[in-house]
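J.: Sharing a structure with you now.
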Amino acid sequence: MNAPQTPNPEREKKKGGRPPKPEKERKTRLIKAYITEERYAKFKHLSKEIGHSISYIVSELCEEGKVVAAIPKELFKYFRDVSGMANNVNQMAKRLNSFGENALGNEFESMHQDLLSLLKTAEKYIKK
């Protein structure tokens, strides 16, 4: 039977998790500010619209002078679909090179139409 191992005091235990940020990048100061209900409502609306917290929005406005919206979750689905279709197009191109033009039939045209449809939908999200 194996005897249980005793911990090695020289061996440092790994903490795990995310590594700490460098000192200069840490946000350590809190600023409190009173604003009107109207301005708060605008921040709240903007927060929901772009997918970031009010705190993040105020911080970005102070540091950068502008706020960039988060990529909508729905758009990630389209990126995944387009990526899958690109993979299929590559496979079809391989087949075309191996067996000739008639090897695919209507497969290529169907894939082309699906890809165009997805790109149009993604374009709508990007223009918002």
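Please note that chains go A, B, ... in the order of the structure tokens, that every chain numbers its residues from 1, and that ligands are numbered from 1 in the order shown.
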Using only C-alpha atoms, I'd like a table of the residues in segment 23-50 of chain A that come within 12 Å of segment 66-76 of chain A; for each, show the closest atom pair and its distance in Å rounded to one decimal, ordered by chain and ascending number, as a tab-separated table.
T.:
residue	atom	partner	partner_atom	distance
A:Phe43	CA	A:Val67	CA	11.6
A:Leu46	CA	A:Ala69	CA	9.4
A:Ser47	CA	A:Ala69	CA	9.2
A:Lys48	CA	A:Ala69	CA	10.2
A:Glu49	CA	A:Ala69	CA	8.1
A:Ile50	CA	A:Ala69	CA	4.6
J.: Among chain A, which ones does DSSP place in alpha helix (DSSP H), written as a VMD selection string?
T.: chain A and resid 37 to 50 54 to 63 73 to 99 107 to 127
J.: Name the residues in contact with Phe79 of chain A at a cut-off of 10 Å, using only C-alpha atoms, excluding same-chain residues fewer than 5 positions from it; report them as a VMD selection string.
T.: chain A and resid 74 84 to 85 118 to 119 122
J.: Would you mind exporting N, CA and C atoms of the selected residues as a PDB file, in the first residue's frame?
T.:
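The file below, selection_17.pdb, is the result:
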ATOM      1  N   GLU A  74     -25.559  38.316 -29.721  1.00  0.00           N
ATOM      2  CA  GLU A  74     -26.157  37.733 -30.924  1.00  0.00           C
ATOM      3  C   GLU A  74     -25.152  37.711 -32.070  1.00  0.00           C
ATOM      4  N   GLY A  84     -17.901  28.575 -39.421  1.00  0.00           N
ATOM      5  CA  GLY A  84     -18.236  27.219 -39.842  1.00  0.00           C
ATOM      6  C   GLY A  84     -18.428  27.127 -41.343  1.00  0.00           C
ATOM      7  N   MET A  85     -19.080  28.150 -41.901  1.00  0.00           N
ATOM      8  CA  MET A  85     -19.298  28.156 -43.346  1.00  0.00           C
ATOM      9  C   MET A  85     -17.983  28.314 -44.096  1.00  0.00           C
ATOM     10  N   LEU A 118     -26.246  35.545 -43.682  1.00  0.00           N
ATOM     11  CA  LEU A 118     -25.623  35.787 -42.379  1.00  0.00           C
ATOM     12  C   LEU A 118     -24.837  37.088 -42.353  1.00  0.00           C
ATOM     13  N   LEU A 119     -24.137  37.388 -43.420  1.00  0.00           N
ATOM     14  CA  LEU A 119     -23.356  38.625 -43.476  1.00  0.00           C
ATOM     15  C   LEU A 119     -24.261  39.852 -43.438  1.00  0.00           C
ATOM     16  N   ALA A 122     -25.421  40.247 -39.807  1.00  0.00           N
ATOM     17  CA  ALA A 122     -24.322  40.765 -38.980  1.00  0.00           C
ATOM     18  C   ALA A 122     -24.081  42.235 -39.267  1.00  0.00           C
TER      19      ALA A 122
END
